[in-house]
file work_11.cif (mmCIF, N, CA and C atoms)
data_target
#
loop_
_atom_site.group_PDB
_atom_site.id
_atom_site.type_symbol
_atom_site.label_atom_id
_atom_site.label_comp_id
_atom_site.auth_asym_id
_atom_site.auth_seq_id
_atom_site.Cartn_x
_atom_site.Cartn_y
_atom_site.Cartn_z
ATOM 1 N N MET A 23 35.413 59.203 -14.464
ATOM 2 C CA MET A 23 36.358 59.045 -13.395
ATOM 3 C C MET A 23 35.644 58.686 -12.078
ATOM 4 N N LYS A 24 34.514 59.379 -11.796
ATOM 5 C CA LYS A 24 33.763 59.100 -10.577
ATOM 6 C C LYS A 24 33.201 57.687 -10.593
ATOM 7 N N LYS A 25 32.801 57.221 -11.768
ATOM 8 C CA LYS A 25 32.249 55.872 -11.896
ATOM 9 C C LYS A 25 33.316 54.830 -11.574
ATOM 10 N N LYS A 26 34.536 55.057 -12.041
ATOM 11 C CA LYS A 26 35.636 54.140 -11.757
ATOM 12 C C LYS A 26 35.939 54.107 -10.264
ATOM 13 N N LEU A 27 35.939 55.268 -9.626
ATOM 14 C CA LEU A 27 36.183 55.330 -8.187
ATOM 15 C C LEU A 27 35.080 54.624 -7.415
ATOM 16 N N SER A 28 33.847 54.799 -7.852
ATOM 17 C CA SER A 28 32.721 54.151 -7.205
ATOM 18 C C SER A 28 32.843 52.629 -7.318
ATOM 19 N N THR A 29 33.225 52.151 -8.487
ATOM 20 C CA THR A 29 33.398 50.715 -8.708
ATOM 21 C C THR A 29 34.524 50.183 -7.828
ATOM 22 N N LYS A 30 35.612 50.910 -7.762
ATOM 23 C CA LYS A 30 36.743 50.500 -6.924
ATOM 24 C C LYS A 30 36.357 50.499 -5.449
ATOM 25 N N ASP A 31 35.579 51.484 -5.016
ATOM 26 C CA ASP A 31 35.124 51.528 -3.632
ATOM 27 C C ASP A 31 34.251 50.329 -3.296
ATOM 28 N N LYS A 32 33.394 49.935 -4.255
ATOM 29 C CA LYS A 32 32.548 48.757 -4.042
ATOM 30 C C LYS A 32 33.399 47.501 -3.921
ATOM 31 N N ILE A 33 34.405 47.391 -4.780
ATOM 32 C CA ILE A 33 35.292 46.231 -4.738
ATOM 33 C C ILE A 33 36.050 46.195 -3.406
ATOM 34 N N ILE A 34 36.545 47.341 -2.986
ATOM 35 C CA ILE A 34 37.261 47.423 -1.715
ATOM 36 C C ILE A 34 36.337 47.042 -0.560
ATOM 37 N N GLY A 35 35.117 47.501 -0.596
ATOM 38 C CA GLY A 35 34.143 47.160 0.437
ATOM 39 C C GLY A 35 33.878 45.664 0.494
ATOM 40 N N LYS A 36 33.718 45.049 -0.666
ATOM 41 C CA LYS A 36 33.498 43.595 -0.718
ATOM 42 C C LYS A 36 34.705 42.845 -0.178
ATOM 43 N N LEU A 37 35.899 43.299 -0.540
ATOM 44 C CA LEU A 37 37.116 42.647 -0.059
ATOM 45 C C LEU A 37 37.261 42.786 1.455
ATOM 46 N N ARG A 38 36.906 43.932 1.983
ATOM 47 C CA ARG A 38 36.962 44.134 3.438
ATOM 48 C C ARG A 38 35.974 43.215 4.153
ATOM 49 N N THR A 39 34.790 43.085 3.585
ATOM 50 C CA THR A 39 33.791 42.195 4.164
ATOM 51 C C THR A 39 34.287 40.751 4.148
ATOM 52 N N GLU A 40 34.859 40.344 3.036
ATOM 53 C CA GLU A 40 35.396 38.986 2.909
ATOM 54 C C GLU A 40 36.546 38.767 3.891
ATOM 55 N N LYS A 41 37.379 39.774 4.054
ATOM 56 C CA LYS A 41 38.492 39.683 5.001
ATOM 57 C C LYS A 41 37.974 39.477 6.420
ATOM 58 N N GLU A 42 36.941 40.202 6.788
ATOM 59 C CA GLU A 42 36.369 40.058 8.130
ATOM 60 C C GLU A 42 35.754 38.680 8.326
ATOM 61 N N LYS A 43 35.103 38.153 7.299
ATOM 62 C CA LYS A 43 34.544 36.801 7.382
ATOM 63 C C LYS A 43 35.648 35.777 7.590
ATOM 64 N N LEU A 44 36.741 35.935 6.847
ATOM 65 C CA LEU A 44 37.872 35.017 6.988
ATOM 66 C C LEU A 44 38.497 35.107 8.374
ATOM 67 N N LYS A 45 38.589 36.311 8.919
ATOM 68 C CA LYS A 45 39.116 36.483 10.272
ATOM 69 C C LYS A 45 38.243 35.765 11.292
ATOM 70 N N GLN A 46 36.935 35.875 11.125
ATOM 71 C CA GLN A 46 36.015 35.205 12.042
ATOM 72 C C GLN A 46 36.160 33.692 11.951
ATOM 73 N N GLU A 47 36.265 33.172 10.732
ATOM 74 C CA GLU A 47 36.442 31.732 10.549
ATOM 75 C C GLU A 47 37.761 31.269 11.163
ATOM 76 N N LEU A 48 38.802 32.054 10.986
ATOM 77 C CA LEU A 48 40.100 31.717 11.563
ATOM 78 C C LEU A 48 40.008 31.682 13.084
ATOM 79 N N GLN A 49 39.315 32.627 13.673
ATOM 80 C CA GLN A 49 39.153 32.650 15.124
ATOM 81 C C GLN A 49 38.384 31.425 15.609
ATOM 82 N N LYS A 50 37.368 31.002 14.858
ATOM 83 C CA LYS A 50 36.631 29.787 15.215
ATOM 84 C C LYS A 50 37.549 28.582 15.178
ATOM 85 N N PHE A 51 38.374 28.500 14.127
ATOM 86 C CA PHE A 51 39.289 27.379 14.001
ATOM 87 C C PHE A 51 40.335 27.394 15.116
ATOM 88 N N LYS A 52 40.863 28.570 15.446
ATOM 89 C CA LYS A 52 41.836 28.663 16.531
ATOM 90 C C LYS A 52 41.215 28.192 17.848
ATOM 91 N N GLY A 53 39.983 28.592 18.090
ATOM 92 C CA GLY A 53 39.293 28.147 19.304
ATOM 93 C C GLY A 53 39.086 26.646 19.328
ATOM 94 N N PHE A 54 38.716 26.096 18.179
ATOM 95 C CA PHE A 54 38.533 24.654 18.065
ATOM 96 C C PHE A 54 39.851 23.928 18.317
ATOM 97 N N TRP A 55 40.935 24.391 17.677
ATOM 98 C CA TRP A 55 42.240 23.756 17.846
ATOM 99 C C TRP A 55 42.712 23.872 19.301
ATOM 100 N N HIS A 56 42.468 25.010 19.907
ATOM 101 C CA HIS A 56 42.835 25.209 21.309
ATOM 102 C C HIS A 56 42.095 24.205 22.194
ATOM 103 N N SER A 57 40.820 23.986 21.931
ATOM 104 C CA SER A 57 40.055 23.039 22.753
ATOM 105 C C SER A 57 40.532 21.602 22.541
ATOM 106 N N ILE A 58 40.906 21.254 21.310
ATOM 107 C CA ILE A 58 41.446 19.911 21.056
ATOM 108 C C ILE A 58 42.756 19.718 21.814
ATOM 109 N N MET A 59 43.653 20.706 21.708
ATOM 110 C CA MET A 59 44.943 20.591 22.377
ATOM 111 C C MET A 59 44.767 20.555 23.900
ATOM 112 N N SER A 60 43.836 21.322 24.418
ATOM 113 C CA SER A 60 43.566 21.299 25.860
ATOM 114 C C SER A 60 43.067 19.930 26.292
ATOM 115 N N HIS A 61 42.213 19.348 25.479
ATOM 116 C CA HIS A 61 41.664 18.030 25.789
ATOM 117 C C HIS A 61 42.775 16.972 25.807
ATOM 118 N N PHE A 62 43.610 16.974 24.774
ATOM 119 C CA PHE A 62 44.721 16.022 24.738
ATOM 120 C C PHE A 62 45.665 16.237 25.915
ATOM 121 N N HIS A 63 45.997 17.490 26.195
ATOM 122 C CA HIS A 63 46.903 17.818 27.287
ATOM 123 C C HIS A 63 46.357 17.299 28.618
ATOM 124 N N LYS A 64 45.086 17.529 28.852
ATOM 125 C CA LYS A 64 44.465 17.088 30.100
ATOM 126 C C LYS A 64 44.458 15.572 30.198
ATOM 127 N N ARG A 65 44.042 14.904 29.124
ATOM 128 C CA ARG A 65 43.942 13.442 29.149
ATOM 129 C C ARG A 65 45.300 12.761 29.287
ATOM 130 N N ILE A 66 46.316 13.289 28.608
ATOM 131 C CA ILE A 66 47.628 12.652 28.632
ATOM 132 C C ILE A 66 48.399 13.008 29.903
ATOM 133 N N CYS A 67 48.432 14.285 30.241
ATOM 134 C CA CYS A 67 49.272 14.737 31.356
ATOM 135 C C CYS A 67 48.651 14.509 32.724
ATOM 136 N N PHE A 68 47.366 14.709 32.858
ATOM 137 C CA PHE A 68 46.754 14.626 34.174
ATOM 138 C C PHE A 68 46.017 13.310 34.407
ATOM 139 N N ASP A 69 45.314 12.820 33.379
ATOM 140 C CA ASP A 69 44.579 11.578 33.537
ATOM 141 C C ASP A 69 45.427 10.353 33.218
ATOM 142 N N LYS A 70 46.613 10.574 32.637
ATOM 143 C CA LYS A 70 47.534 9.505 32.257
ATOM 144 C C LYS A 70 46.857 8.461 31.373
ATOM 145 N N ASP A 71 46.053 8.925 30.432
ATOM 146 C CA ASP A 71 45.317 8.049 29.531
ATOM 147 C C ASP A 71 46.233 7.628 28.376
ATOM 148 N N GLU A 72 46.608 6.357 28.353
ATOM 149 C CA GLU A 72 47.528 5.839 27.332
ATOM 150 C C GLU A 72 46.903 5.845 25.941
ATOM 151 N N ASN A 73 45.592 5.713 25.851
ATOM 152 C CA ASN A 73 44.948 5.729 24.532
ATOM 153 C C ASN A 73 45.130 7.085 23.845
ATOM 154 N N TYR A 74 45.017 8.158 24.605
ATOM 155 C CA TYR A 74 45.232 9.486 24.038
ATOM 156 C C TYR A 74 46.697 9.683 23.663
ATOM 157 N N LYS A 75 47.598 9.106 24.442
ATOM 158 C CA LYS A 75 49.024 9.175 24.126
ATOM 159 C C LYS A 75 49.300 8.487 22.792
ATOM 160 N N ILE A 76 48.690 7.346 22.568
ATOM 161 C CA ILE A 76 48.860 6.607 21.312
ATOM 162 C C ILE A 76 48.315 7.425 20.146
ATOM 163 N N VAL A 77 47.134 8.006 20.318
ATOM 164 C CA VAL A 77 46.533 8.823 19.256
ATOM 165 C C VAL A 77 47.393 10.048 18.987
ATOM 166 N N SER A 78 47.874 10.692 20.043
ATOM 167 C CA SER A 78 48.728 11.870 19.886
ATOM 168 C C SER A 78 49.999 11.516 19.121
ATOM 169 N N ASP A 79 50.626 10.425 19.473
ATOM 170 C CA ASP A 79 51.836 9.993 18.768
ATOM 171 C C ASP A 79 51.549 9.690 17.307
ATOM 172 N N ASP A 80 50.401 9.078 17.039
ATOM 173 C CA ASP A 80 50.019 8.765 15.663
ATOM 174 C C ASP A 80 49.763 10.046 14.862
ATOM 175 N N LEU A 81 49.102 11.016 15.476
ATOM 176 C CA LEU A 81 48.866 12.299 14.800
ATOM 177 C C LEU A 81 50.185 13.006 14.501
ATOM 178 N N TYR A 82 51.134 12.890 15.406
ATOM 179 C CA TYR A 82 52.453 13.490 15.177
ATOM 180 C C TYR A 82 53.183 12.787 14.033
ATOM 181 N N LYS A 83 53.155 11.456 14.040
ATOM 182 C CA LYS A 83 53.831 10.687 12.984
ATOM 183 C C LYS A 83 53.236 10.974 11.610
ATOM 184 N N ASN A 84 51.948 11.249 11.553
ATOM 185 C CA ASN A 84 51.272 11.502 10.280
ATOM 186 C C ASN A 84 51.273 12.980 9.889
ATOM 187 N N GLY A 85 51.963 13.806 10.655
ATOM 188 C CA GLY A 85 52.128 15.203 10.285
ATOM 189 C C GLY A 85 50.967 16.121 10.634
ATOM 190 N N ILE A 86 50.014 15.644 11.407
ATOM 191 C CA ILE A 86 48.884 16.490 11.803
ATOM 192 C C ILE A 86 49.285 17.376 12.979
ATOM 193 N N PHE A 87 49.986 16.809 13.948
ATOM 194 C CA PHE A 87 50.575 17.585 15.035
ATOM 195 C C PHE A 87 52.000 17.927 14.629
ATOM 196 N N ASP A 88 52.390 19.188 14.829
ATOM 197 C CA ASP A 88 53.790 19.543 14.621
ATOM 198 C C ASP A 88 54.533 19.361 15.949
ATOM 199 N N ASN A 89 55.812 19.713 15.984
ATOM 200 C CA ASN A 89 56.610 19.544 17.205
ATOM 201 C C ASN A 89 55.994 20.275 18.386
ATOM 202 N N ASN A 90 55.517 21.499 18.145
ATOM 203 C CA ASN A 90 54.913 22.300 19.204
ATOM 204 C C ASN A 90 53.641 21.640 19.736
ATOM 205 N N ASP A 91 52.779 21.193 18.833
ATOM 206 C CA ASP A 91 51.538 20.536 19.248
ATOM 207 C C ASP A 91 51.830 19.273 20.044
ATOM 208 N N ASN A 92 52.788 18.491 19.579
ATOM 209 C CA ASN A 92 53.131 17.242 20.251
ATOM 210 C C ASN A 92 53.683 17.512 21.651
ATOM 211 N N GLU A 93 54.510 18.533 21.760
ATOM 212 C CA GLU A 93 55.055 18.865 23.074
ATOM 213 C C GLU A 93 53.964 19.366 24.017
ATOM 214 N N ILE A 94 53.064 20.175 23.514
ATOM 215 C CA ILE A 94 51.961 20.672 24.344
ATOM 216 C C ILE A 94 51.112 19.513 24.852
ATOM 217 N N ALA A 95 50.813 18.574 23.957
ATOM 218 C CA ALA A 95 49.958 17.454 24.336
ATOM 219 C C ALA A 95 50.629 16.549 25.366
ATOM 220 N N ASN A 96 51.943 16.425 25.317
ATOM 221 C CA ASN A 96 52.632 15.437 26.140
ATOM 222 C C ASN A 96 53.435 15.993 27.304
ATOM 223 N N ASN A 97 53.653 17.299 27.362
ATOM 224 C CA ASN A 97 54.481 17.884 28.406
ATOM 225 C C ASN A 97 53.582 18.605 29.416
ATOM 226 N N ILE A 98 53.598 18.132 30.637
ATOM 227 C CA ILE A 98 52.718 18.680 31.670
ATOM 228 C C ILE A 98 53.046 20.142 31.990
ATOM 229 N N TYR A 99 54.280 20.564 31.724
ATOM 230 C CA TYR A 99 54.695 21.921 32.048
ATOM 231 C C TYR A 99 54.367 22.939 30.965
ATOM 232 N N ARG A 100 53.929 22.482 29.811
ATOM 233 C CA ARG A 100 53.572 23.397 28.718
ATOM 234 C C ARG A 100 52.113 23.790 28.842
ATOM 235 N N ARG A 101 51.838 25.054 28.605
ATOM 236 C CA ARG A 101 50.462 25.531 28.578
ATOM 237 C C ARG A 101 49.950 25.468 27.157
ATOM 238 N N VAL A 102 48.664 25.331 27.011
ATOM 239 C CA VAL A 102 48.043 25.317 25.698
ATOM 240 C C VAL A 102 47.759 26.768 25.315
ATOM 241 N N THR A 103 48.589 27.298 24.406
ATOM 242 C CA THR A 103 48.425 28.668 23.940
ATOM 243 C C THR A 103 48.602 28.702 22.433
ATOM 244 N N ILE A 104 48.239 29.802 21.870
ATOM 245 C CA ILE A 104 48.400 30.016 20.438
ATOM 246 C C ILE A 104 49.675 30.828 20.255
ATOM 247 N N PRO A 105 50.573 30.434 19.326
ATOM 248 C CA PRO A 105 51.860 31.141 19.175
ATOM 249 C C PRO A 105 51.748 32.653 19.058
ATOM 250 N N GLU A 106 50.740 33.187 18.371
ATOM 251 C CA GLU A 106 50.587 34.630 18.251
ATOM 252 C C GLU A 106 50.328 35.260 19.618
ATOM 253 N N GLU A 107 49.582 34.546 20.464
ATOM 254 C CA GLU A 107 49.320 35.054 21.809
ATOM 255 C C GLU A 107 50.617 35.086 22.611
ATOM 256 N N ASN A 108 51.480 34.081 22.409
ATOM 257 C CA ASN A 108 52.763 34.057 23.103
ATOM 258 C C ASN A 108 53.601 35.273 22.734
ATOM 259 N N LYS A 109 53.628 35.611 21.434
ATOM 260 C CA LYS A 109 54.395 36.768 20.985
ATOM 261 C C LYS A 109 53.856 38.043 21.605
ATOM 262 N N GLN A 110 52.528 38.174 21.653
ATOM 263 C CA GLN A 110 51.918 39.372 22.226
ATOM 264 C C GLN A 110 52.211 39.468 23.720
ATOM 265 N N THR A 111 52.157 38.335 24.422
ATOM 266 C CA THR A 111 52.432 38.320 25.859
ATOM 267 C C THR A 111 53.874 38.718 26.127
ATOM 268 N N LYS A 112 54.803 38.179 25.331
ATOM 269 C CA LYS A 112 56.213 38.516 25.512
ATOM 270 C C LYS A 112 56.461 39.997 25.262
ATOM 271 N N SER A 113 55.835 40.547 24.231
ATOM 272 C CA SER A 113 56.051 41.965 23.937
ATOM 273 C C SER A 113 55.451 42.843 25.029
ATOM 274 N N LYS A 114 54.319 42.428 25.613
ATOM 275 C CA LYS A 114 53.724 43.188 26.709
ATOM 276 C C LYS A 114 54.633 43.154 27.934
ATOM 277 N N LYS A 115 55.243 41.987 28.185
ATOM 278 C CA LYS A 115 56.139 41.876 29.339
ATOM 279 C C LYS A 115 57.350 42.778 29.159
ATOM 280 N N LYS A 116 57.876 42.844 27.938
ATOM 281 C CA LYS A 116 59.022 43.708 27.674
ATOM 282 C C LYS A 116 58.651 45.173 27.892
ATOM 283 N N ASN A 117 57.453 45.553 27.450
ATOM 284 C CA ASN A 117 57.006 46.940 27.581
ATOM 285 C C ASN A 117 56.710 47.307 29.039
ATOM 286 N N ASN A 118 56.347 46.323 29.853
ATOM 287 C CA ASN A 118 55.997 46.589 31.246
ATOM 288 C C ASN A 118 57.187 46.443 32.188
ATOM 289 N N ASN A 119 58.381 46.229 31.659
ATOM 290 C CA ASN A 119 59.553 46.075 32.477
ATOM 291 C C ASN A 119 59.893 47.415 33.131
ATOM 292 N N THR A 120 59.832 47.451 34.474
ATOM 293 C CA THR A 120 60.019 48.723 35.180
ATOM 294 C C THR A 120 61.241 48.673 36.082
ATOM 295 N N ARG A 121 62.272 47.943 35.700
ATOM 296 C CA ARG A 121 63.508 47.898 36.513
ATOM 297 C C ARG A 121 64.232 49.228 36.413
ATOM 298 N N PHE A 122 64.892 49.573 37.494
ATOM 299 C CA PHE A 122 65.651 50.821 37.514
ATOM 300 C C PHE A 122 67.108 50.535 37.653
#
call {"tool": "encode", "arguments": {"input": "work_11.cif", "output": "structure tokens"}}
result
Amino acid sequence: MKKKLSTKDKIIGKLRTEKEKLKQELQKFKGFWHSIMSHFHKRICFDKDENYKIVSDDLYKNGIFDNNDNEIANNIYRRVTIPEENKQTKSKKKNNNTRF
């Protein structure tokens, strides 16, 4: 029985390690995607670079940018954020509401 528990503990440990590696990779990818979207947003909205607008439209047509990505890249009033961060920010604002 102890041997089975030990084996299961080792498996759980390996899975936890793998989970942490995947989380780190996901964070790297999110950072990379954020920097790409920031670059497109800056070039299209502030620099008025038509070449980036053409590329952005092409990426949207080919399904690489979704509606949210396309709007972020092309709308000067949208901030470049990650949807999970938006949810966390909204929930923090609700919790900090101190109206009487």
call {"tool": "atom_distance", "arguments": {"input": "work_11.cif", "atom1": "atom N of A:Ile66", "atom2": "atom N of A:Asn96"}}
result
7.2 Å
call {"tool": "resolve_selection", "arguments": {"input": "work_11.cif", "expression": "the PyMOL selection byres (((chain A and resi 71-86 and name CA) around 12) and name CA)", "output": "list in words"}}
result
Trp55, Ile58, Met59, His61, Phe62, His63, Lys64, Arg65, Ile66, Cys67, Phe68, Asp69, Lys70, Phe87, Asp88, Asn89, Asn90, Asp91, Asn92, Glu93, Ile94, Ala95, Asn96 and Asn97 of chain A
call {"tool": "axis_aligned_box", "arguments": {"input": "work_11.cif", "around": "stretch 84-91 of chain A", "padding_each_side": "5 Å", "output": "JSON"}}
result
{"center_x": 52.7, "center_y": 16.8, "center_z": 15.0, "size_x": 17.7, "size_y": 21.1, "size_z": 20.2}
call {"tool": "atom_distance", "arguments": {"input": "work_11.cif", "atom1": "atom CA of A:Gln49", "atom2": "atom CA of A:Val102"}}
result
15.6 Å
call {"tool": "atom_distance", "arguments": {"input": "work_11.cif", "atom1": "atom CA of A:Arg101", "atom2": "atom CA of A:Ser60"}}
result
8.5 Å
call {"tool": "select_by_dssp", "arguments": {"input": "work_11.cif", "residues": "stretch 26-119 of chain A", "states": "helix (DSSP H, G or I)", "output": "PyMOL selection string"}}
result
chain A and resi 26-68+72-83+89-96+105-117
